[in-house]
$ cat query-v3.json   # JSON, C-alpha atoms
[["chain", "number", "residue", "atom", "x", "y", "z"],
["A", 1, "MET", "CA", -36.92, 1.10, -33.77],
["A", 2, "LYS", "CA", -34.30, -0.24, -36.20],
["A", 3, "ARG", "CA", -32.20, 2.88, -35.58],
["A", 4, "LEU", "CA", -32.71, 2.81, -31.81],
["A", 5, "ILE", "CA", -31.32, -0.71, -31.22],
["A", 6, "PRO", "CA", -27.80, 0.02, -32.64],
["A", 7, "LEU", "CA", -27.64, 3.25, -30.62],
["A", 8, "LEU", "CA", -28.47, 1.39, -27.40],
["A", 9, "LEU", "CA", -25.82, -1.23, -28.15],
["A", 10, "CYS", "CA", -23.16, 1.43, -28.77],
["A", 11, "ALA", "CA", -24.03, 3.16, -25.51],
["A", 12, "ALA", "CA", -23.76, -0.10, -23.59],
["A", 13, "PHE", "CA", -20.31, -0.95, -24.95],
["A", 14, "ALA", "CA", -19.04, 2.62, -24.47],
["A", 15, "ALA", "CA", -20.00, 2.68, -20.78],
["A", 16, "PRO", "CA", -16.96, 2.74, -18.48],
["A", 17, "ALA", "CA", -16.20, -0.30, -16.35],
["A", 18, "ALA", "CA", -17.48, -0.10, -12.79],
["A", 19, "ALA", "CA", -15.03, 0.49, -9.96],
["A", 20, "GLU", "CA", -13.57, -2.67, -8.44],
["A", 21, "THR", "CA", -12.37, -3.30, -4.91],
["A", 22, "PHE", "CA", -9.13, -5.30, -4.90],
["A", 23, "GLU", "CA", -7.83, -7.15, -1.87],
["A", 24, "ILE", "CA", -4.05, -7.20, -1.42],
["A", 25, "ASP", "CA", -2.54, -10.68, -1.73],
["A", 26, "PRO", "CA", 0.26, -10.91, 0.89],
["A", 27, "ALA", "CA", 1.66, -14.06, -0.71],
["A", 28, "HIS", "CA", 2.49, -12.13, -3.89],
["A", 29, "SER", "CA", 3.19, -8.70, -2.41],
["A", 30, "SER", "CA", 5.92, -7.10, -0.31],
["A", 31, "VAL", "CA", 6.25, -4.07, 1.97],
["A", 32, "GLY", "CA", 9.91, -3.20, 2.38],
["A", 33, "PHE", "CA", 12.28, -0.39, 3.31],
["A", 34, "ARG", "CA", 15.93, 0.71, 3.27],
["A", 35, "ILE", "CA", 17.84, 2.86, 5.73],
["A", 36, "ARG", "CA", 21.48, 3.93, 5.94],
["A", 37, "HIS", "CA", 23.66, 2.12, 8.46],
["A", 38, "LEU", "CA", 27.21, 3.50, 8.79],
["A", 39, "VAL", "CA", 28.31, 3.64, 5.13],
["A", 40, "GLY", "CA", 25.92, 1.02, 3.77],
["A", 41, "LYS", "CA", 22.18, 0.40, 3.64],
["A", 42, "VAL", "CA", 20.10, -2.19, 5.48],
["A", 43, "ARG", "CA", 16.95, -3.64, 3.96],
["A", 44, "GLY", "CA", 13.95, -4.94, 5.84],
["A", 45, "HIS", "CA", 10.33, -5.87, 5.28],
["A", 46, "PHE", "CA", 7.10, -6.63, 7.14],
["A", 47, "ASP", "CA", 5.65, -10.13, 6.95],
["A", 48, "LYS", "CA", 2.09, -9.29, 8.00],
["A", 49, "PHE", "CA", -0.03, -6.71, 6.19],
["A", 50, "SER", "CA", -3.43, -6.39, 4.55],
["A", 51, "GLY", "CA", -5.46, -3.85, 2.66],
["A", 52, "THR", "CA", -7.79, -2.91, -0.17],
["A", 53, "ILE", "CA", -7.53, -0.84, -3.34],
["A", 54, "ASP", "CA", -10.55, 0.76, -5.00],
["A", 55, "TYR", "CA", -9.70, 1.31, -8.66],
["A", 56, "GLU", "CA", -11.65, 2.17, -11.79],
["A", 57, "GLU", "CA", -9.77, 2.08, -15.09],
["A", 58, "GLY", "CA", -9.63, 5.49, -16.70],
["A", 59, "LYS", "CA", -10.55, 7.27, -13.46],
["A", 60, "PRO", "CA", -7.37, 7.29, -11.35],
["A", 61, "ALA", "CA", -8.52, 10.26, -9.30],
["A", 62, "THR", "CA", -11.25, 8.09, -7.75],
["A", 63, "SER", "CA", -8.74, 5.48, -6.52],
["A", 64, "LYS", "CA", -8.54, 4.75, -2.80],
["A", 65, "VAL", "CA", -6.06, 2.68, -0.81],
["A", 66, "ASN", "CA", -6.35, 1.53, 2.79],
["A", 67, "ALA", "CA", -3.69, -0.69, 4.32],
["A", 68, "SER", "CA", -2.64, -2.02, 7.72],
["A", 69, "ILE", "CA", 0.80, -3.33, 8.68],
["A", 70, "ASP", "CA", 1.85, -5.25, 11.78],
["A", 71, "PRO", "CA", 5.13, -3.61, 12.91],
["A", 72, "ALA", "CA", 5.90, -6.62, 15.11],
["A", 73, "SER", "CA", 6.34, -8.66, 11.91],
["A", 74, "ILE", "CA", 9.47, -6.70, 10.93],
["A", 75, "ASP", "CA", 12.26, -8.81, 9.45],
["A", 76, "THR", "CA", 15.75, -7.50, 8.68],
["A", 77, "ALA", "CA", 17.39, -10.96, 8.60],
["A", 78, "ASN", "CA", 18.85, -10.43, 12.08],
["A", 79, "SER", "CA", 16.82, -11.55, 15.11],
["A", 80, "MET", "CA", 18.66, -9.35, 17.64],
["A", 81, "ARG", "CA", 18.21, -6.26, 15.48],
["A", 82, "ASP", "CA", 14.54, -7.09, 14.91],
["A", 83, "LYS", "CA", 14.01, -7.38, 18.67],
["A", 84, "HIS", "CA", 15.56, -3.93, 19.11],
["A", 85, "LEU", "CA", 13.38, -2.49, 16.35],
["A", 86, "ARG", "CA", 10.24, -3.77, 18.11],
["A", 87, "SER", "CA", 11.30, -2.09, 21.37],
["A", 88, "GLY", "CA", 10.54, 1.39, 22.68],
["A", 89, "ASP", "CA", 13.65, 2.74, 20.94],
["A", 90, "PHE", "CA", 11.96, 2.28, 17.58],
["A", 91, "PHE", "CA", 8.45, 0.97, 16.72],
["A", 92, "ASP", "CA", 7.38, 0.32, 20.34],
["A", 93, "VAL", "CA", 5.01, -2.39, 19.14],
["A", 94, "GLU", "CA", 3.36, -2.97, 22.54],
["A", 95, "LYS", "CA", 2.24, 0.65, 22.73],
["A", 96, "CYS", "CA", 1.71, 1.14, 18.98],
["A", 97, "PRO", "CA", 0.65, -2.25, 17.56],
["A", 98, "LYS", "CA", -0.52, -0.97, 14.15],
["A", 99, "MET", "CA", 0.80, 0.94, 11.17],
["A", 100, "GLU", "CA", -1.90, 2.24, 8.84],
["A", 101, "PHE", "CA", -2.08, 4.07, 5.53],
["A", 102, "ALA", "CA", -5.16, 5.82, 4.13],
["A", 103, "SER", "CA", -5.00, 7.57, 0.77],
["A", 104, "LYS", "CA", -6.46, 11.05, 0.28],
["A", 105, "LYS", "CA", -5.67, 11.84, -3.36],
["A", 106, "ALA", "CA", -4.46, 9.94, -6.43],
["A", 107, "THR", "CA", -3.21, 10.93, -9.88],
["A", 108, "GLN", "CA", -2.11, 8.87, -12.89],
["A", 109, "ASP", "CA", -0.68, 9.77, -16.29],
["A", 110, "LYS", "CA", -1.20, 7.94, -19.59],
["A", 111, "ASP", "CA", 1.81, 5.69, -18.94],
["A", 112, "GLY", "CA", 0.30, 4.35, -15.71],
["A", 113, "LYS", "CA", 2.59, 6.37, -13.42],
["A", 114, "GLY", "CA", 1.26, 8.68, -10.79],
["A", 115, "LYS", "CA", 1.21, 9.94, -7.22],
["A", 116, "LEU", "CA", -0.64, 8.68, -4.17],
["A", 117, "LEU", "CA", -1.04, 11.14, -1.32],
["A", 118, "GLY", "CA", -2.26, 9.97, 2.03],
["A", 119, "GLU", "CA", -1.71, 9.71, 5.74],
["A", 120, "LEU", "CA", 0.63, 7.21, 7.38],
["A", 121, "THR", "CA", 0.22, 6.30, 11.03],
["A", 122, "MET", "CA", 3.41, 4.86, 12.50],
["A", 123, "HIS", "CA", 4.69, 4.80, 16.08],
["A", 124, "CYS", "CA", 1.30, 6.28, 17.11],
["A", 125, "VAL", "CA", 1.98, 9.39, 14.98],
["A", 126, "THR", "CA", 0.06, 10.33, 11.82],
["A", 127, "LYS", "CA", 1.76, 12.34, 9.07],
["A", 128, "PRO", "CA", 1.08, 13.04, 5.37],
["A", 129, "VAL", "CA", 3.17, 11.05, 2.88],
["A", 130, "GLU", "CA", 3.49, 10.98, -0.90],
["A", 131, "LEU", "CA", 4.23, 7.82, -2.87],
["A", 132, "ASP", "CA", 5.27, 7.43, -6.49],
["A", 133, "VAL", "CA", 3.04, 4.74, -7.98],
["A", 134, "GLU", "CA", 3.22, 2.76, -11.20],
["A", 135, "LEU", "CA", 0.34, 0.58, -12.33],
["A", 136, "ASN", "CA", 1.91, -2.61, -13.66],
["A", 137, "GLY", "CA", -1.25, -4.00, -15.20],
["A", 138, "LEU", "CA", -4.76, -5.38, -14.96],
["A", 139, "GLY", "CA", -5.46, -8.93, -16.00],
["A", 140, "PRO", "CA", -7.23, -12.19, -15.22],
["A", 141, "GLY", "CA", -6.06, -14.65, -12.59],
["A", 142, "PRO", "CA", -6.12, -18.45, -12.85],
["A", 143, "LYS", "CA", -9.83, -18.53, -12.01],
["A", 144, "GLY", "CA", -10.71, -15.59, -14.23],
["A", 145, "GLU", "CA", -10.82, -13.04, -11.41],
["A", 146, "LEU", "CA", -9.38, -9.62, -12.19],
["A", 147, "HIS", "CA", -5.94, -8.86, -10.73],
["A", 148, "LEU", "CA", -4.15, -5.53, -10.29],
["A", 149, "GLY", "CA", -0.40, -5.05, -9.98],
["A", 150, "ALA", "CA", 1.35, -1.90, -8.78],
["A", 151, "THR", "CA", 4.71, -0.65, -7.55],
["A", 152, "ALA", "CA", 4.99, 2.16, -4.99],
["A", 153, "SER", "CA", 7.97, 3.97, -3.53],
["A", 154, "GLY", "CA", 8.67, 7.01, -1.43],
["A", 155, "LYS", "CA", 10.75, 8.56, 1.34],
["A", 156, "ILE", "CA", 9.94, 9.50, 4.89],
["A", 157, "ASP", "CA", 11.94, 10.98, 7.77],
["A", 158, "ARG", "CA", 11.65, 8.61, 10.73],
["A", 159, "LYS", "CA", 12.05, 11.53, 13.16],
["A", 160, "ASP", "CA", 8.76, 12.97, 11.86],
["A", 161, "PHE", "CA", 7.15, 9.93, 13.51],
["A", 162, "GLY", "CA", 9.04, 10.25, 16.77],
["A", 163, "ILE", "CA", 11.54, 7.46, 16.03],
["A", 164, "ASN", "CA", 14.66, 9.25, 17.16],
["A", 165, "TRP", "CA", 17.08, 6.61, 18.45],
["A", 166, "ASN", "CA", 20.63, 6.84, 17.16],
["A", 167, "LYS", "CA", 24.18, 6.28, 18.32],
["A", 168, "ALA", "CA", 27.09, 8.67, 18.00],
["A", 169, "LEU", "CA", 30.30, 7.13, 16.63],
["A", 170, "ASP", "CA", 33.62, 7.61, 18.39],
["A", 171, "LYS", "CA", 35.18, 9.32, 15.37],
["A", 172, "GLY", "CA", 32.15, 11.41, 14.48],
["A", 173, "GLY", "CA", 28.90, 10.82, 12.69],
["A", 174, "LEU", "CA", 25.85, 8.74, 13.57],
["A", 175, "MET", "CA", 25.12, 5.06, 13.17],
["A", 176, "LEU", "CA", 21.77, 5.47, 11.38],
["A", 177, "GLY", "CA", 20.33, 7.79, 8.78],
["A", 178, "ASP", "CA", 17.02, 9.56, 9.26],
["A", 179, "GLU", "CA", 15.63, 9.02, 5.75],
["A", 180, "VAL", "CA", 13.80, 5.77, 5.11],
["A", 181, "GLN", "CA", 13.20, 4.57, 1.55],
["A", 182, "ILE", "CA", 9.85, 2.78, 1.16],
["A", 183, "GLU", "CA", 9.63, -0.03, -1.43],
["A", 184, "ILE", "CA", 6.26, -1.70, -2.09],
["A", 185, "GLU", "CA", 5.18, -4.32, -4.63],
["A", 186, "ILE", "CA", 1.48, -5.14, -4.74],
["A", 187, "GLU", "CA", -0.64, -7.78, -6.38],
["A", 188, "ALA", "CA", -4.32, -7.64, -5.52],
["A", 189, "ALA", "CA", -7.38, -9.60, -6.61],
["A", 190, "ALA", "CA", -10.86, -8.21, -7.16],
["A", 191, "LYS", "CA", -13.16, -9.11, -4.30],
["A", 192, "PRO", "CA", -16.17, -11.17, -5.41],
["A", 193, "ALA", "CA", -19.40, -9.25, -5.52],
["A", 194, "ALA", "CA", -21.59, -9.81, -2.48],
["A", 195, "ALA", "CA", -24.48, -12.15, -3.12],
["A", 196, "PRO", "CA", -27.88, -10.42, -2.94],
["A", 197, "LYS", "CA", -29.73, -11.02, 0.30],
["A", 198, "ALA", "CA", -32.69, -13.34, 0.08],
["A", 199, "SER", "CA", -36.00, -11.60, 0.37],
["A", 200, "ALA", "CA", -37.95, -12.34, 3.53],
["A", 201, "THR", "CA", -41.21, -11.77, 1.65],
["A", 202, "LYS", "CA", -43.01, -14.99, 0.88],
["A", 203, "PRO", "CA", -44.27, -15.47, -2.69]]

$ encode --input "query-v3.json" --output "structure tokens"
Amino acid sequence: MKRLIPLLLCAAFAAPAAAETFEIDPAHSSVGFRIRHLVGKVRGHFDKFSGTIDYEEGKPATSKVNASIDPASIDTANSMRDKHLRSGDFFDVEKCPKMEFASKKATQDKDGKGKLLGELTMHCVTKPVELDVELNGLGPGPKGELHLGATASGKIDRKDFGINWNKALDKGGLMLGDEVQIEIEIEAAAKPAAAPKASATKP
């Protein structure tokens, strides 16, 4: 018995931490993009988004990400341009009111960098995408809850999603580029465990 107790204690402390579900905190996160305009680049972001991340430390392959973005919340710091982007020429938000991402595969190296492969639905079209992801850390929040921070980036071709509008310039060339650079910063907090349901059986 004296030998068994230390062995049980070692096994308990060596057990891996259980997977946590983290809820994205929009107040401390951002979903942005860049696209070429003439000879420069225009930045924009979406103000409304939500999502969850399932993550277990040491088991990156089991990670899952599901996110939803409201394309009508686009903001490029120009109201006329934003109105055009919401129209049928671009996001067509009345017909396609949601953008969604669902991960299919995740990898991570020892430095916290990895790949996230999944499907992006945008403009009512679903296509596979690959994001470069860096885990920035895991740590406690002000109330002791576990927080996760991550940076993600990638590139997509807007024409793959049926967003084809452009304008030819008088002296040659096009107003907009096709490649869109995705830039995401995420802070997420672990969702509290659900309280056990009270038993209906009377004592």

$ closest_atom_pairs --input "query-v3.json" --of "stretch 12-58 of chain A" --to "stretch 149-157 of chain A" --cutoff "10 Å" --atoms "all atoms listed in the file" --output "tab-separated table"
residue	atom	partner	partner_atom	distance
A:Ile24	CA	A:Gly149	CA	9.6
A:His28	CA	A:Gly149	CA	9.8
A:Ser29	CA	A:Gly149	CA	9.1
A:Ser30	CA	A:Thr151	CA	9.8
A:Val31	CA	A:Ala152	CA	9.4
A:Gly32	CA	A:Ser153	CA	9.5
A:Phe33	CA	A:Ser153	CA	9.2
A:Arg34	CA	A:Lys155	CA	9.6

$ residues_around --input "query-v3.json" --residues "A:Met122" --least-positions-apart "4" --cutoff "7 Å" --atoms "only C-alpha atoms" --output "list in words"
Met99, Glu100, Thr126 and Phe161 of chain A

$ atom_distance --input "query-v3.json" --atom1 "atom CA of A:Lys113" --atom2 "atom CA of A:Ala61"
12.5 Å

$ closest_residue --input "query-v3.json" --among "A:Pro97, A:Gly144, A:Gly162, A:Gly58" --to "A:Asp111" --atoms "only C-alpha atoms"
A:Gly58

$ residues_around --input "query-v3.json" --residues "A:Lys95" --least-positions-apart "2" --cutoff "12 Å" --atoms "only C-alpha atoms" --output "list in words"
Pro71, Ala72, Arg86, Ser87, Gly88, Asp89, Phe90, Phe91, Asp92, Val93, Pro97, Lys98, Met99, Met122, His123, Cys124 and Val125 of chain A

$ atom_distance --input "query-v3.json" --atom1 "atom CA of A:Asp54" --atom2 "atom CA of A:Leu135"
13.1 Å

$ atom_distance --input "query-v3.json" --atom1 "atom CA of A:Ala190" --atom2 "atom CA of A:Leu146"
5.4 Å

$ closest_residue --input "query-v3.json" --among "A:Phe46, A:Ile74, A:Glu57, A:Gln181" --to "A:Gly137" --atoms "all atoms listed in the file"
A:Glu57

$ residues_around --input "query-v3.json" --residues "stretch 64-67 of chain A" --least-positions-apart "6" --cutoff "10 Å" --atoms "all atoms listed in the file" --output "list in words"
Thr21, Phe22, Glu23, Ile24, Phe49, Ser50, Gly51, Thr52, Ile53, Asp54, Tyr55, Glu56, Met99, Glu100, Phe101, Ala102, Ser103, Lys104, Lys105, Ala106, Leu116, Leu117, Gly118, Glu119 and Leu120 of chain A

$ write_last_selection --input "query-v3.json" --atoms "C-alpha atoms" --output "PDB file, in the frame of the given file"
ATOM      1  CA  THR A  21     -12.370  -3.300  -4.910  1.00  0.00           C
ATOM      2  CA  PHE A  22      -9.130  -5.300  -4.900  1.00  0.00           C
ATOM      3  CA  GLU A  23      -7.830  -7.150  -1.870  1.00  0.00           C
ATOM      4  CA  ILE A  24      -4.050  -7.200  -1.420  1.00  0.00           C
ATOM      5  CA  PHE A  49      -0.030  -6.710   6.190  1.00  0.00           C
ATOM      6  CA  SER A  50      -3.430  -6.390   4.550  1.00  0.00           C
ATOM      7  CA  GLY A  51      -5.460  -3.850   2.660  1.00  0.00           C
ATOM      8  CA  THR A  52      -7.790  -2.910  -0.170  1.00  0.00           C
ATOM      9  CA  ILE A  53      -7.530  -0.840  -3.340  1.00  0.00           C
ATOM     10  CA  ASP A  54     -10.550   0.760  -5.000  1.00  0.00           C
ATOM     11  CA  TYR A  55      -9.700   1.310  -8.660  1.00  0.00           C
ATOM     12  CA  GLU A  56     -11.650   2.170 -11.790  1.00  0.00           C
ATOM     13  CA  MET A  99       0.800   0.940  11.170  1.00  0.00           C
ATOM     14  CA  GLU A 100      -1.900   2.240   8.840  1.00  0.00           C
ATOM     15  CA  PHE A 101      -2.080   4.070   5.530  1.00  0.00           C
ATOM     16  CA  ALA A 102      -5.160   5.820   4.130  1.00  0.00           C
ATOM     17  CA  SER A 103      -5.000   7.570   0.770  1.00  0.00           C
ATOM     18  CA  LYS A 104      -6.460  11.050   0.280  1.00  0.00           C
ATOM     19  CA  LYS A 105      -5.670  11.840  -3.360  1.00  0.00           C
ATOM     20  CA  ALA A 106      -4.460   9.940  -6.430  1.00  0.00           C
ATOM     21  CA  LEU A 116      -0.640   8.680  -4.170  1.00  0.00           C
ATOM     22  CA  LEU A 117      -1.040  11.140  -1.320  1.00  0.00           C
ATOM     23  CA  GLY A 118      -2.260   9.970   2.030  1.00  0.00           C
ATOM     24  CA  GLU A 119      -1.710   9.710   5.740  1.00  0.00           C
ATOM     25  CA  LEU A 120       0.630   7.210   7.380  1.00  0.00           C
TER      26      LEU A 120
END

$ closest_residue --input "query-v3.json" --among "A:Ser63, A:Ser68, A:Asn136, A:Leu38" --to "A:Gly172" --atoms "only C-alpha atoms"
A:Leu38

$ residues_around --input "query-v3.json" --residues "A:Gly112" --least-positions-apart "2" --cutoff "6 Å" --atoms "all atoms listed in the file" --output "mmCIF file with C-alpha atoms, in the coordinates of the input"
data_model
loop_
_atom_site.group_PDB
_atom_site.id
_atom_site.type_symbol
_atom_site.label_atom_id
_atom_site.label_comp_id
_atom_site.auth_asym_id
_atom_site.auth_seq_id
_atom_site.Cartn_x
_atom_site.Cartn_y
_atom_site.Cartn_z
ATOM 1 C CA GLN A 108 -2.110 8.870 -12.890
ATOM 2 C CA ASP A 109 -0.680 9.770 -16.290
ATOM 3 C CA LYS A 110 -1.200 7.940 -19.590
ATOM 4 C CA GLU A 134 3.220 2.760 -11.200
ATOM 5 C CA LEU A 135 0.340 0.580 -12.330
#

$ residues_near_point --input "query-v3.json" --point "(16.9, -6.9, 8.3)" --cutoff "6 Å" --atoms "all atoms listed in the file" --output "MDAnalysis selection string"
chainID A and resid 43:44 75:78

$ closest_residue --input "query-v3.json" --among "A:Pro128, A:Gly141, A:Gly40, A:Pro60" --to "A:Met175" --atoms "only C-alpha atoms"
A:Gly40

$ decode --input "query-v3.json" --residues "stretch 111-141 of chain A" --atoms "N, CA and C atoms" --output "PDB file, in the first residue's frame"
ATOM      1  N   ASP A 111       7.316  25.395 -31.335  1.00  0.00           N
ATOM      2  CA  ASP A 111       7.373  26.838 -31.093  1.00  0.00           C
ATOM      3  C   ASP A 111       5.992  27.484 -31.060  1.00  0.00           C
ATOM      4  N   GLY A 112       4.945  26.681 -31.179  1.00  0.00           N
ATOM      5  CA  GLY A 112       3.590  27.208 -31.132  1.00  0.00           C
ATOM      6  C   GLY A 112       3.051  27.658 -32.466  1.00  0.00           C
ATOM      7  N   LYS A 113       3.811  27.438 -33.556  1.00  0.00           N
ATOM      8  CA  LYS A 113       3.361  27.829 -34.892  1.00  0.00           C
ATOM      9  C   LYS A 113       2.794  26.608 -35.609  1.00  0.00           C
ATOM     10  N   GLY A 114       1.827  26.853 -36.455  1.00  0.00           N
ATOM     11  CA  GLY A 114       1.234  25.726 -37.148  1.00  0.00           C
ATOM     12  C   GLY A 114       0.338  26.151 -38.290  1.00  0.00           C
ATOM     13  N   LYS A 115      -0.474  25.202 -38.748  1.00  0.00           N
ATOM     14  CA  LYS A 115      -1.393  25.418 -39.865  1.00  0.00           C
ATOM     15  C   LYS A 115      -2.797  25.030 -39.411  1.00  0.00           C
ATOM     16  N   LEU A 116      -3.760  25.774 -39.931  1.00  0.00           N
ATOM     17  CA  LEU A 116      -5.161  25.458 -39.690  1.00  0.00           C
ATOM     18  C   LEU A 116      -5.838  25.371 -41.051  1.00  0.00           C
ATOM     19  N   LEU A 117      -6.317  24.179 -41.381  1.00  0.00           N
ATOM     20  CA  LEU A 117      -6.997  23.956 -42.647  1.00  0.00           C
ATOM     21  C   LEU A 117      -8.491  23.832 -42.387  1.00  0.00           C
ATOM     22  N   GLY A 118      -9.266  24.486 -43.225  1.00  0.00           N
ATOM     23  CA  GLY A 118     -10.704  24.435 -43.016  1.00  0.00           C
ATOM     24  C   GLY A 118     -11.459  24.913 -44.225  1.00  0.00           C
ATOM     25  N   GLU A 119     -12.745  25.154 -44.021  1.00  0.00           N
ATOM     26  CA  GLU A 119     -13.602  25.613 -45.103  1.00  0.00           C
ATOM     27  C   GLU A 119     -14.174  26.979 -44.751  1.00  0.00           C
ATOM     28  N   LEU A 120     -14.052  27.910 -45.687  1.00  0.00           N
ATOM     29  CA  LEU A 120     -14.587  29.253 -45.527  1.00  0.00           C
ATOM     30  C   LEU A 120     -15.780  29.426 -46.452  1.00  0.00           C
ATOM     31  N   THR A 121     -16.892  29.848 -45.868  1.00  0.00           N
ATOM     32  CA  THR A 121     -18.072  30.180 -46.654  1.00  0.00           C
ATOM     33  C   THR A 121     -18.194  31.694 -46.712  1.00  0.00           C
ATOM     34  N   MET A 122     -18.131  32.232 -47.918  1.00  0.00           N
ATOM     35  CA  MET A 122     -18.208  33.672 -48.129  1.00  0.00           C
ATOM     36  C   MET A 122     -18.932  33.922 -49.445  1.00  0.00           C
ATOM     37  N   HIS A 123     -19.836  34.900 -49.448  1.00  0.00           N
ATOM     38  CA  HIS A 123     -20.596  35.209 -50.663  1.00  0.00           C
ATOM     39  C   HIS A 123     -21.343  33.973 -51.151  1.00  0.00           C
ATOM     40  N   CYS A 124     -21.845  33.177 -50.174  1.00  0.00           N
ATOM     41  CA  CYS A 124     -22.620  31.954 -50.439  1.00  0.00           C
ATOM     42  C   CYS A 124     -21.810  30.876 -51.160  1.00  0.00           C
ATOM     43  N   VAL A 125     -20.483  30.964 -51.108  1.00  0.00           N
ATOM     44  CA  VAL A 125     -19.607  29.967 -51.735  1.00  0.00           C
ATOM     45  C   VAL A 125     -18.669  29.404 -50.672  1.00  0.00           C
ATOM     46  N   THR A 126     -18.498  28.093 -50.647  1.00  0.00           N
ATOM     47  CA  THR A 126     -17.623  27.440 -49.675  1.00  0.00           C
ATOM     48  C   THR A 126     -16.390  26.890 -50.374  1.00  0.00           C
ATOM     49  N   LYS A 127     -15.206  27.270 -49.857  1.00  0.00           N
ATOM     50  CA  LYS A 127     -13.941  26.830 -50.437  1.00  0.00           C
ATOM     51  C   LYS A 127     -12.959  26.478 -49.317  1.00  0.00           C
ATOM     52  N   PRO A 128     -12.011  25.553 -49.587  1.00  0.00           N
ATOM     53  CA  PRO A 128     -10.982  25.259 -48.584  1.00  0.00           C
ATOM     54  C   PRO A 128      -9.990  26.411 -48.469  1.00  0.00           C
ATOM     55  N   VAL A 129      -9.535  26.677 -47.250  1.00  0.00           N
ATOM     56  CA  VAL A 129      -8.517  27.699 -47.009  1.00  0.00           C
ATOM     57  C   VAL A 129      -7.495  27.150 -46.022  1.00  0.00           C
ATOM     58  N   GLU A 130      -6.306  27.736 -46.050  1.00  0.00           N
ATOM     59  CA  GLU A 130      -5.244  27.363 -45.116  1.00  0.00           C
ATOM     60  C   GLU A 130      -4.738  28.619 -44.437  1.00  0.00           C
ATOM     61  N   LEU A 131      -4.673  28.586 -43.118  1.00  0.00           N
ATOM     62  CA  LEU A 131      -4.195  29.720 -42.343  1.00  0.00           C
ATOM     63  C   LEU A 131      -2.916  29.350 -41.605  1.00  0.00           C
ATOM     64  N   ASP A 132      -1.974  30.284 -41.562  1.00  0.00           N
ATOM     65  CA  ASP A 132      -0.807  30.141 -40.689  1.00  0.00           C
ATOM     66  C   ASP A 132      -1.215  30.632 -39.312  1.00  0.00           C
ATOM     67  N   VAL A 133      -0.962  29.824 -38.290  1.00  0.00           N
ATOM     68  CA  VAL A 133      -1.426  30.147 -36.940  1.00  0.00           C
ATOM     69  C   VAL A 133      -0.260  30.103 -35.962  1.00  0.00           C
ATOM     70  N   GLU A 134      -0.231  31.084 -35.077  1.00  0.00           N
ATOM     71  CA  GLU A 134       0.755  31.102 -33.999  1.00  0.00           C
ATOM     72  C   GLU A 134       0.036  31.242 -32.672  1.00  0.00           C
ATOM     73  N   LEU A 135       0.266  30.292 -31.784  1.00  0.00           N
ATOM     74  CA  LEU A 135      -0.308  30.357 -30.440  1.00  0.00           C
ATOM     75  C   LEU A 135       0.516  31.341 -29.620  1.00  0.00           C
ATOM     76  N   ASN A 136      -0.121  32.411 -29.165  1.00  0.00           N
ATOM     77  CA  ASN A 136       0.598  33.445 -28.411  1.00  0.00           C
ATOM     78  C   ASN A 136       0.702  33.151 -26.925  1.00  0.00           C
ATOM     79  N   GLY A 137      -0.140  32.259 -26.429  1.00  0.00           N
ATOM     80  CA  GLY A 137      -0.026  31.898 -25.026  1.00  0.00           C
ATOM     81  C   GLY A 137      -1.324  31.436 -24.408  1.00  0.00           C
ATOM     82  N   LEU A 138      -1.185  30.782 -23.258  1.00  0.00           N
ATOM     83  CA  LEU A 138      -2.297  30.379 -22.414  1.00  0.00           C
ATOM     84  C   LEU A 138      -2.028  30.946 -21.030  1.00  0.00           C
ATOM     85  N   GLY A 139      -3.034  31.569 -20.437  1.00  0.00           N
ATOM     86  CA  GLY A 139      -2.808  32.142 -19.115  1.00  0.00           C
ATOM     87  C   GLY A 139      -4.105  32.570 -18.464  1.00  0.00           C
ATOM     88  N   PRO A 140      -4.045  32.873 -17.177  1.00  0.00           N
ATOM     89  CA  PRO A 140      -5.256  33.233 -16.436  1.00  0.00           C
ATOM     90  C   PRO A 140      -5.718  34.657 -16.728  1.00  0.00           C
ATOM     91  N   GLY A 141      -7.030  34.857 -16.691  1.00  0.00           N
ATOM     92  CA  GLY A 141      -7.613  36.185 -16.808  1.00  0.00           C
ATOM     93  C   GLY A 141      -7.773  36.812 -15.439  1.00  0.00           C
TER      94      GLY A 141
END
